[in-house]
Every structure is written in structure tokens, then in C-alpha cells.
Amino acid sequence: MRLKEMDFSVLQQCMHCGMCLPTCPTYDTTKRERNSPRGRISLMRAIATDDLEMAEGFADEMSFCLGCLACESACPAGVDYAGLFEASRADIEEKGLNKGLGRKLVRFGTLEFLFMRPRLLRWAGRGMRLWQKLGAAKFLPARLRALERQAPEIGERFSNELIEPIEGEGKWKVAMLTGCVQDLAYAEINRDTVDVLVANGCEVHTPPVQPCCGSIHAHNGEEEMARANARRLLDLLPPDSFDVIISNAGGCGSHMRHFAKLLPNDGRAKEWDAKVRDIHEFLVEVKVRPPMAAPFEEKVRVTYHDSCHLAHGQKVVLPPRMVIDLMPGVTRVELKESDWCCGSAGVYSLTQPEQSRLLLERKAGHIRATGAKILLTANPGCHLQIQNAMPELNVLHPVTLLAKAYRNEC
Ligand code: SF4
Ligand code: SF4
């Protein structure tokens, strides 16, 4: 979808009320109208009506936007900012307005090459793991060393080495998405998710090799690649074969709920969208079994950071908190501005390092103020961003705590 192809009523929906402005992290930083959702929508509308030519200034503006969708949650008119954002970035890519070496590396090195080839991505992960073990980063120039520090620490094993293709039996037949970054860096979270699903009466299907969901492509304006990946997922996990499709990563789940928009002529996409569930949402729906044991021997104080795409993209806010609050020996302290972006936002920390750093420092200050030594979050980007900045903190997925608690029952 391009801005000029969009239903004009979507572009006109903004009534300029400004309710979204206080929720927008980029507007909060600069206090400039053009860096706000309202300002950006005005630019999009002017481009769609040919009152403004699409140029580098617009590309820079859309690169500065985090795509965090906090504005969508705040908007009383129901403006589809996610749709407008993706259409804008697709236009920008088509016109070749995204320049710079960093951007080229992101496009060809990751989006087009690695994130379209799951087997190759794992081989790259193995290479990276070896590189990290050897400590080879010390030979890099300072700027690249700083970039390398932002990369995830590759796990010892990937999801296919930890999870059988079919596990458990019970009332619900579920398909489990292993993700890309989640698979490379946090495969144990996928293992924990399967354990929790099995403990709650599910037959879990986890194909060992899965394509990327295409979220990173759509977010960066690569619509065709996003479409190709959506088709591959529909082929691999036909929605009529499952009761639900489970995601444990905020960004992936948010994107996977909109395959019908990407593939309007594929009859399977609507059914797929209706069956996608975030893991916490599903657990609450099926009345998750409360654990009889605590996840840790000692009592712990935890806090929870909302991933933007879980809270604003999927509107899943209460279920993760309900799951955390079920656990004996765990006290949850609410985090100030918990749904304020941490600055990770896909590749934002690479493309907009200064704004990303500001947001991360703000987040870290609020986390410290809770006194919690454990931070729970449900998106690999946030997990990585916060853990890298706060090595003293134990960053975990809520499902990991639940899996630990179930294991301690034995
Ligand atoms: S997506 Fe986030 S950064 Fe972009 S306009 Fe909306 S609130 Fe602001
Ligand atoms: S809250 Fe919605 S309607 Fe109001 S200015 Fe923001 S986008 Fe427009």
C-alpha cells in the first residue's frame, strides 16, 4: 500500500486534536510539530494530495519516528497510524530516499539477505557466536566496536535444538512461532513458552525451520519481502490446521495480526489474523493454571516493561501483568511510563543512536527507581536494549518465570 493508494478517509481521519502529542517520544524530545504524530500525518496527507513532493526531509522525518504506536493508543479518532507509517516507509524505499551506508547495510545485509533465509541466519548466528567467544571485537575500530556491543549474545542452542516439532497433548492444537532474534539469542524463552503451553493442555507444533514473520521488513518499508514471508508462514502453518497461532514476541505478534492487509487476495490470511494470540493473552483466555511453587527460592521484587508493539500494537496490557501476579513469591512493582518506548524499535538504535540513547536512559532511570532487580518484558528488542544498558539487572520474559515456577512444583 502506498500513501496515494490509501483510502483518503484514513488520511483525513486525524482531527488535529493533539491528544497524541504528550504520548509521542520524539515530540517530547524536540517539541516541534513536525516531529509529532499530528505533524507527520499532515505531511503524509500533503504528499497524498500532491501538495508536497516526497523528498529527503520526509524520509528523515519518518526515520526519526519510532513506529512505537503510542499515538495510536492515545487517539480518540482511531487513526490507523501503523498503516500510514508503513505506507510512508514503503514510499520512501520505492523512491530510494533512504540513503547512507548504515541504511544500505541494514537493507542488503539483513533485510534482503539474512532475514529472508532462516537457515543462513542460523549459520550467521553460529559464526557470530564463535566471534563473541573469541572476543574478536577488540580488533575492530572503535565505532564498529560500539555497534558490536549492541548485538545480541548468541545462545548456545537454537529453538530447533531445544524443542521437538510436536510436544504435549490436550484440548488446544497450537502453532508456535520461534522468531528470528528470539531464536538466535533467546531460544530458552521459546523452550519456556512450549513448557507453559504443554502444562496448560496444548499440543504444540513448532516447525524446526521457520521463516521470519516479515515484521522487520514491513517496519522498514520492504513490503514485497514482508508479503513473501507472510505467504511462507501461511504455507508452513495453514491456519485451518490449528486452534491458535502463538507468538511470544511483541513485535512479531503485532505484525502477524495484519496478514489480511498485506495479502488481501489470500483467503487464508483472515483466518490467520483471527487466530494469532500473544502467549499471555492466550493463557488468560484459557484460564492459566496458577503455579503451586514459586519461581525462585527467595521472594523477589520485579517490574514489567510493556513492549510498544505488545501494548500499543496488540493492545495486550493486562494479561502479562495477570500472569506475573499469579506467581507465589513474586511482588510486581508498576514501572513509571512502562509503555514508553525504550529506544530499541527494530533498527532504530542503529539509525537514530542519539534519540535511542535518550529514551534508554529515561527507561533505565525509571527501572532503577522501582528497586527491582528483575525486569520482565516480552519482546527480544526491548530485552536486548535494556539488558545491554543495565548488566546489573536480570531481564527475563514473564513466561520464563512461569515455566520456572511449574518446574519447581516437582
Ligand atoms: S509512532 Fe511513536 S514516535 Fe511515531 S508519531 Fe507515533 S508516538 Fe510518535
Ligand atoms: S490524537 Fe488522533 S486525531 Fe488527534 S491529532 Fe493525534 S492522530 Fe490526530
# chains A, B, ... in the order shown; residues from 1 in each chain; ligands from 1

call {"tool": "residues_around", "arguments": {"residues": "segment 395-398 of chain A", "least_positions_apart": "4", "cutoff": "10 Å", "atoms": "only C-alpha atoms", "output": "ChimeraX atom specification"}}
result
/A:186,188-190,192-193,248-249,279-280,302-304,320-321,323-324,373-380,382-384,386-388,390-391,402-403

call {"tool": "residues_around", "arguments": {"residues": "segment 90-92 of chain A", "least_positions_apart": "6", "cutoff": "9 Å", "atoms": "only C-alpha atoms", "output": "PyMOL selection string"}}
result
chain A and resi 1-3+54-56+58-59+62+98+218-223

call {"tool": "atom_distance", "arguments": {"atom1": "atom CA of His309 of chain A", "atom2": "atom CA of Ser254 of chain A"}}
result
5.7 Å

call {"tool": "closest_atom_pairs", "arguments": {"of": "chain A", "to": "ligand 2", "cutoff": "12 Å", "atoms": "only C-alpha atoms and all ligand atoms", "output": "JSON lines"}}
result
{"residue": "A:Val10", "atom": "CA", "partner": "ligand 2", "partner_atom_place_in_ligand_line": "7 (S)", "distance": 10.7}
{"residue": "A:Leu11", "atom": "CA", "partner": "ligand 2", "partner_atom_place_in_ligand_line": "8 (Fe)", "distance": 9.7}
{"residue": "A:Gln12", "atom": "CA", "partner": "ligand 2", "partner_atom_place_in_ligand_line": "8 (Fe)", "distance": 9.1}
{"residue": "A:Gln13", "atom": "CA", "partner": "ligand 2", "partner_atom_place_in_ligand_line": "3 (S)", "distance": 6.6}
{"residue": "A:Cys14", "atom": "CA", "partner": "ligand 2", "partner_atom_place_in_ligand_line": "8 (Fe)", "distance": 3.6}
{"residue": "A:Met15", "atom": "CA", "partner": "ligand 2", "partner_atom_place_in_ligand_line": "3 (S)", "distance": 4.3}
{"residue": "A:His16", "atom": "CA", "partner": "ligand 2", "partner_atom_place_in_ligand_line": "5 (S)", "distance": 3.7}
{"residue": "A:Cys17", "atom": "CA", "partner": "ligand 2", "partner_atom_place_in_ligand_line": "4 (Fe)", "distance": 3.9}
{"residue": "A:Gly18", "atom": "CA", "partner": "ligand 2", "partner_atom_place_in_ligand_line": "5 (S)", "distance": 3.9}
{"residue": "A:Met19", "atom": "CA", "partner": "ligand 2", "partner_atom_place_in_ligand_line": "1 (S)", "distance": 4.2}
{"residue": "A:Cys20", "atom": "CA", "partner": "ligand 2", "partner_atom_place_in_ligand_line": "1 (S)", "distance": 4.1}
{"residue": "A:Leu21", "atom": "CA", "partner": "ligand 2", "partner_atom_place_in_ligand_line": "6 (Fe)", "distance": 6.5}
{"residue": "A:Pro22", "atom": "CA", "partner": "ligand 2", "partner_atom_place_in_ligand_line": "6 (Fe)", "distance": 9.7}
{"residue": "A:Thr23", "atom": "CA", "partner": "ligand 2", "partner_atom_place_in_ligand_line": "1 (S)", "distance": 9.5}
{"residue": "A:Cys24", "atom": "CA", "partner": "ligand 2", "partner_atom_place_in_ligand_line": "6 (Fe)", "distance": 9.6}
{"residue": "A:Tyr27", "atom": "CA", "partner": "ligand 2", "partner_atom_place_in_ligand_line": "6 (Fe)", "distance": 11.7}
{"residue": "A:Glu33", "atom": "CA", "partner": "ligand 2", "partner_atom_place_in_ligand_line": "5 (S)", "distance": 10.6}
{"residue": "A:Ser36", "atom": "CA", "partner": "ligand 2", "partner_atom_place_in_ligand_line": "6 (Fe)", "distance": 8.4}
{"residue": "A:Pro37", "atom": "CA", "partner": "ligand 2", "partner_atom_place_in_ligand_line": "7 (S)", "distance": 5.9}
{"residue": "A:Arg38", "atom": "CA", "partner": "ligand 2", "partner_atom_place_in_ligand_line": "5 (S)", "distance": 4.7}
{"residue": "A:Gly39", "atom": "CA", "partner": "ligand 2", "partner_atom_place_in_ligand_line": "5 (S)", "distance": 8.3}
{"residue": "A:Arg40", "atom": "CA", "partner": "ligand 2", "partner_atom_place_in_ligand_line": "7 (S)", "distance": 9.2}
{"residue": "A:Ile41", "atom": "CA", "partner": "ligand 2", "partner_atom_place_in_ligand_line": "7 (S)", "distance": 7.2}
{"residue": "A:Ser42", "atom": "CA", "partner": "ligand 2", "partner_atom_place_in_ligand_line": "8 (Fe)", "distance": 9.1}
{"residue": "A:Met44", "atom": "CA", "partner": "ligand 2", "partner_atom_place_in_ligand_line": "7 (S)", "distance": 12.0}
{"residue": "A:Arg45", "atom": "CA", "partner": "ligand 2", "partner_atom_place_in_ligand_line": "8 (Fe)", "distance": 11.8}
{"residue": "A:Leu69", "atom": "CA", "partner": "ligand 2", "partner_atom_place_in_ligand_line": "7 (S)", "distance": 10.4}
{"residue": "A:Ala70", "atom": "CA", "partner": "ligand 2", "partner_atom_place_in_ligand_line": "1 (S)", "distance": 10.0}
{"residue": "A:Cys71", "atom": "CA", "partner": "ligand 2", "partner_atom_place_in_ligand_line": "6 (Fe)", "distance": 6.4}
{"residue": "A:Glu72", "atom": "CA", "partner": "ligand 2", "partner_atom_place_in_ligand_line": "2 (Fe)", "distance": 7.0}
{"residue": "A:Ser73", "atom": "CA", "partner": "ligand 2", "partner_atom_place_in_ligand_line": "1 (S)", "distance": 8.6}
{"residue": "A:Ala74", "atom": "CA", "partner": "ligand 2", "partner_atom_place_in_ligand_line": "1 (S)", "distance": 5.9}
{"residue": "A:Cys75", "atom": "CA", "partner": "ligand 2", "partner_atom_place_in_ligand_line": "1 (S)", "distance": 3.6}
{"residue": "A:Pro76", "atom": "CA", "partner": "ligand 2", "partner_atom_place_in_ligand_line": "1 (S)", "distance": 5.8}
{"residue": "A:Ala77", "atom": "CA", "partner": "ligand 2", "partner_atom_place_in_ligand_line": "3 (S)", "distance": 5.0}
{"residue": "A:Gly78", "atom": "CA", "partner": "ligand 2", "partner_atom_place_in_ligand_line": "2 (Fe)", "distance": 6.5}
{"residue": "A:Val79", "atom": "CA", "partner": "ligand 2", "partner_atom_place_in_ligand_line": "2 (Fe)", "distance": 5.6}
{"residue": "A:Asp80", "atom": "CA", "partner": "ligand 2", "partner_atom_place_in_ligand_line": "7 (S)", "distance": 8.4}
{"residue": "A:Tyr81", "atom": "CA", "partner": "ligand 2", "partner_atom_place_in_ligand_line": "7 (S)", "distance": 7.4}
{"residue": "A:Ala82", "atom": "CA", "partner": "ligand 2", "partner_atom_place_in_ligand_line": "7 (S)", "distance": 11.1}
{"residue": "A:Leu84", "atom": "CA", "partner": "ligand 2", "partner_atom_place_in_ligand_line": "7 (S)", "distance": 10.7}
{"residue": "A:Phe85", "atom": "CA", "partner": "ligand 2", "partner_atom_place_in_ligand_line": "7 (S)", "distance": 11.9}

call {"tool": "select_by_dssp", "arguments": {"residues": "segment 1-169 of chain A", "states": "alpha helix (DSSP H)", "output": "ChimeraX atom specification"}}
result
/A:8-12,25-30,37-48,56-64,70-74,81-94,101-104,118-134,142-149,159-162

call {"tool": "write_last_selection", "arguments": {"atoms": "C-alpha atoms", "output": "JSON list (two decimals), in the first residue's frame"}}
result
[["chain", "number", "residue", "atom", "x", "y", "z"],
["A", 8, "PHE", "CA", -8.44, 9.07, 1.64],
["A", 9, "SER", "CA", -10.78, 8.78, 4.61],
["A", 10, "VAL", "CA", -7.90, 7.16, 6.54],
["A", 11, "LEU", "CA", -5.68, 10.16, 5.83],
["A", 12, "GLN", "CA", -8.48, 12.53, 6.72],
["A", 25, "PRO", "CA", 8.58, 10.32, 22.47],
["A", 26, "THR", "CA", 10.03, 12.27, 19.52],
["A", 27, "TYR", "CA", 7.70, 15.25, 20.07],
["A", 28, "ASP", "CA", 8.56, 15.12, 23.76],
["A", 29, "THR", "CA", 12.25, 15.50, 22.88],
["A", 30, "THR", "CA", 12.03, 18.33, 20.35],
["A", 37, "PRO", "CA", 2.12, 12.24, 15.02],
["A", 38, "ARG", "CA", -0.18, 15.12, 14.01],
["A", 39, "GLY", "CA", 2.63, 16.84, 12.11],
["A", 40, "ARG", "CA", 3.66, 13.63, 10.37],
["A", 41, "ILE", "CA", 0.09, 12.85, 9.35],
["A", 42, "SER", "CA", -0.22, 16.37, 7.87],
["A", 43, "LEU", "CA", 2.91, 15.72, 5.81],
["A", 44, "MET", "CA", 1.54, 12.35, 4.64],
["A", 45, "ARG", "CA", -1.75, 13.94, 3.64],
["A", 46, "ALA", "CA", 0.01, 16.73, 1.72],
["A", 47, "ILE", "CA", 2.03, 14.11, -0.16],
["A", 48, "ALA", "CA", -1.07, 12.05, -0.97],
["A", 56, "GLU", "CA", 14.61, 13.58, 1.82],
["A", 57, "GLY", "CA", 13.12, 15.77, 4.54],
["A", 58, "PHE", "CA", 10.10, 13.48, 4.73],
["A", 59, "ALA", "CA", 12.35, 10.39, 4.70],
["A", 60, "ASP", "CA", 14.34, 11.83, 7.61],
["A", 61, "GLU", "CA", 11.12, 12.58, 9.49],
["A", 62, "MET", "CA", 9.83, 9.04, 9.05],
["A", 63, "SER", "CA", 13.21, 7.64, 10.06],
["A", 64, "PHE", "CA", 13.01, 9.73, 13.26],
["A", 70, "ALA", "CA", 1.82, 5.19, 21.39],
["A", 71, "CYS", "CA", -0.06, 7.80, 19.33],
["A", 72, "GLU", "CA", -2.49, 5.14, 18.11],
["A", 73, "SER", "CA", -3.41, 4.16, 21.68],
["A", 74, "ALA", "CA", -3.99, 7.81, 22.60],
["A", 81, "TYR", "CA", -1.06, 5.30, 12.33],
["A", 82, "ALA", "CA", 0.54, 1.86, 11.83],
["A", 83, "GLY", "CA", -0.90, 1.69, 8.30],
["A", 84, "LEU", "CA", 0.15, 5.25, 7.50],
["A", 85, "PHE", "CA", 3.64, 4.65, 8.89],
["A", 86, "GLU", "CA", 4.20, 1.50, 6.83],
["A", 87, "ALA", "CA", 2.81, 3.12, 3.65],
["A", 88, "SER", "CA", 5.14, 6.09, 4.15],
["A", 89, "ARG", "CA", 8.19, 3.94, 4.66],
["A", 90, "ALA", "CA", 7.27, 1.82, 1.61],
["A", 91, "ASP", "CA", 7.00, 5.02, -0.49],
["A", 92, "ILE", "CA", 10.37, 6.19, 0.81],
["A", 93, "GLU", "CA", 12.03, 2.88, -0.09],
["A", 94, "GLU", "CA", 10.45, 2.86, -3.54],
["A", 101, "LEU", "CA", 25.93, 3.37, 4.47],
["A", 102, "GLY", "CA", 24.19, 2.25, 7.67],
["A", 103, "ARG", "CA", 20.86, 2.07, 5.88],
["A", 104, "LYS", "CA", 22.38, 0.15, 2.94],
["A", 118, "PRO", "CA", 16.31, -18.76, 8.04],
["A", 119, "ARG", "CA", 18.97, -21.47, 7.62],
["A", 120, "LEU", "CA", 21.59, -18.94, 6.59],
["A", 121, "LEU", "CA", 20.56, -16.71, 9.51],
["A", 122, "ARG", "CA", 21.34, -19.58, 11.88],
["A", 123, "TRP", "CA", 24.73, -20.12, 10.20],
["A", 124, "ALA", "CA", 25.43, -16.41, 10.61],
["A", 125, "GLY", "CA", 24.38, -16.83, 14.25],
["A", 126, "ARG", "CA", 26.87, -19.68, 14.70],
["A", 127, "GLY", "CA", 29.62, -17.52, 13.17],
["A", 128, "MET", "CA", 28.68, -14.66, 15.47],
["A", 129, "ARG", "CA", 28.69, -16.97, 18.49],
["A", 130, "LEU", "CA", 32.26, -18.06, 17.66],
["A", 131, "TRP", "CA", 33.28, -14.44, 17.11],
["A", 132, "GLN", "CA", 31.84, -13.49, 20.51],
["A", 133, "LYS", "CA", 33.53, -16.44, 22.25],
["A", 134, "LEU", "CA", 36.90, -15.48, 20.77],
["A", 142, "ALA", "CA", 36.03, 1.96, 17.97],
["A", 143, "ARG", "CA", 32.85, 2.83, 16.03],
["A", 144, "LEU", "CA", 32.24, -0.76, 14.93],
["A", 145, "ARG", "CA", 33.08, -1.98, 18.43],
["A", 146, "ALA", "CA", 30.28, 0.22, 19.77],
["A", 147, "LEU", "CA", 27.89, -1.30, 17.20],
["A", 148, "GLU", "CA", 29.01, -4.82, 18.05],
["A", 149, "ARG", "CA", 28.15, -4.20, 21.71],
["A", 159, "SER", "CA", 14.99, -23.42, 19.13],
["A", 160, "ASN", "CA", 15.21, -26.50, 16.87],
["A", 161, "GLU", "CA", 17.82, -27.96, 19.27],
["A", 162, "LEU", "CA", 15.62, -27.35, 22.31]]

call {"tool": "closest_residue", "arguments": {"among": "A:Cys65, A:Cys180, A:Cys308, A:Ala269", "to": "ligand 1", "atoms": "only C-alpha atoms and all ligand atoms"}}
result
A:Cys65

call {"tool": "residues_around", "arguments": {"residues": "Gln210 of chain A", "least_positions_apart": "4", "cutoff": "8 Å", "atoms": "only C-alpha atoms", "output": "list of chain:residue names"}}
result
A:Pro118, A:Leu177, A:Thr178, A:Gly179, A:Leu233, A:Leu236

call {"tool": "write_last_selection", "arguments": {"atoms": "all heavy atoms", "output": "mmCIF file, in the first residue's frame"}}
result
data_model
loop_
_atom_site.group_PDB
_atom_site.id
_atom_site.type_symbol
_atom_site.label_atom_id
_atom_site.label_comp_id
_atom_site.auth_asym_id
_atom_site.auth_seq_id
_atom_site.Cartn_x
_atom_site.Cartn_y
_atom_site.Cartn_z
ATOM 1 N N PRO A 118 16.182 -18.335 6.637
ATOM 2 C CA PRO A 118 16.306 -18.760 8.040
ATOM 3 C C PRO A 118 17.493 -19.677 8.310
ATOM 4 O O PRO A 118 18.130 -19.570 9.358
ATOM 5 C CB PRO A 118 14.978 -19.474 8.323
ATOM 6 C CG PRO A 118 14.274 -19.618 7.020
ATOM 7 C CD PRO A 118 14.873 -18.655 6.067
ATOM 8 N N LEU A 177 5.406 -19.833 17.051
ATOM 9 C CA LEU A 177 6.378 -19.074 16.256
ATOM 10 C C LEU A 177 7.671 -18.910 17.040
ATOM 11 O O LEU A 177 7.626 -18.467 18.183
ATOM 12 C CB LEU A 177 5.809 -17.679 15.961
ATOM 13 C CG LEU A 177 5.078 -17.509 14.638
ATOM 14 C CD1 LEU A 177 6.059 -17.619 13.485
ATOM 15 C CD2 LEU A 177 3.946 -18.508 14.492
ATOM 16 N N THR A 178 8.803 -19.249 16.424
ATOM 17 C CA THR A 178 10.067 -19.153 17.178
ATOM 18 C C THR A 178 10.790 -17.832 16.958
ATOM 19 O O THR A 178 11.699 -17.493 17.709
ATOM 20 C CB THR A 178 11.002 -20.320 16.817
ATOM 21 O OG1 THR A 178 11.085 -20.411 15.394
ATOM 22 C CG2 THR A 178 10.489 -21.622 17.381
ATOM 23 N N GLY A 179 10.421 -17.086 15.909
ATOM 24 C CA GLY A 179 11.025 -15.773 15.676
ATOM 25 C C GLY A 179 12.453 -15.866 15.150
ATOM 26 O O GLY A 179 12.990 -16.958 14.955
ATOM 27 N N LEU A 233 4.800 -18.284 5.780
ATOM 28 C CA LEU A 233 4.242 -18.721 7.070
ATOM 29 C C LEU A 233 2.882 -19.378 6.884
ATOM 30 O O LEU A 233 2.570 -20.384 7.518
ATOM 31 C CB LEU A 233 4.120 -17.529 8.029
ATOM 32 C CG LEU A 233 5.308 -17.300 8.967
ATOM 33 C CD1 LEU A 233 5.037 -16.117 9.879
ATOM 34 C CD2 LEU A 233 5.623 -18.542 9.804
ATOM 35 N N LEU A 236 3.509 -22.831 5.685
ATOM 36 C CA LEU A 236 4.099 -23.707 6.707
ATOM 37 C C LEU A 236 3.088 -24.074 7.797
ATOM 38 O O LEU A 236 3.066 -25.197 8.286
ATOM 39 C CB LEU A 236 5.312 -22.996 7.337
ATOM 40 C CG LEU A 236 6.083 -23.781 8.390
ATOM 41 C CD1 LEU A 236 6.844 -24.941 7.755
ATOM 42 C CD2 LEU A 236 7.064 -22.879 9.140
#
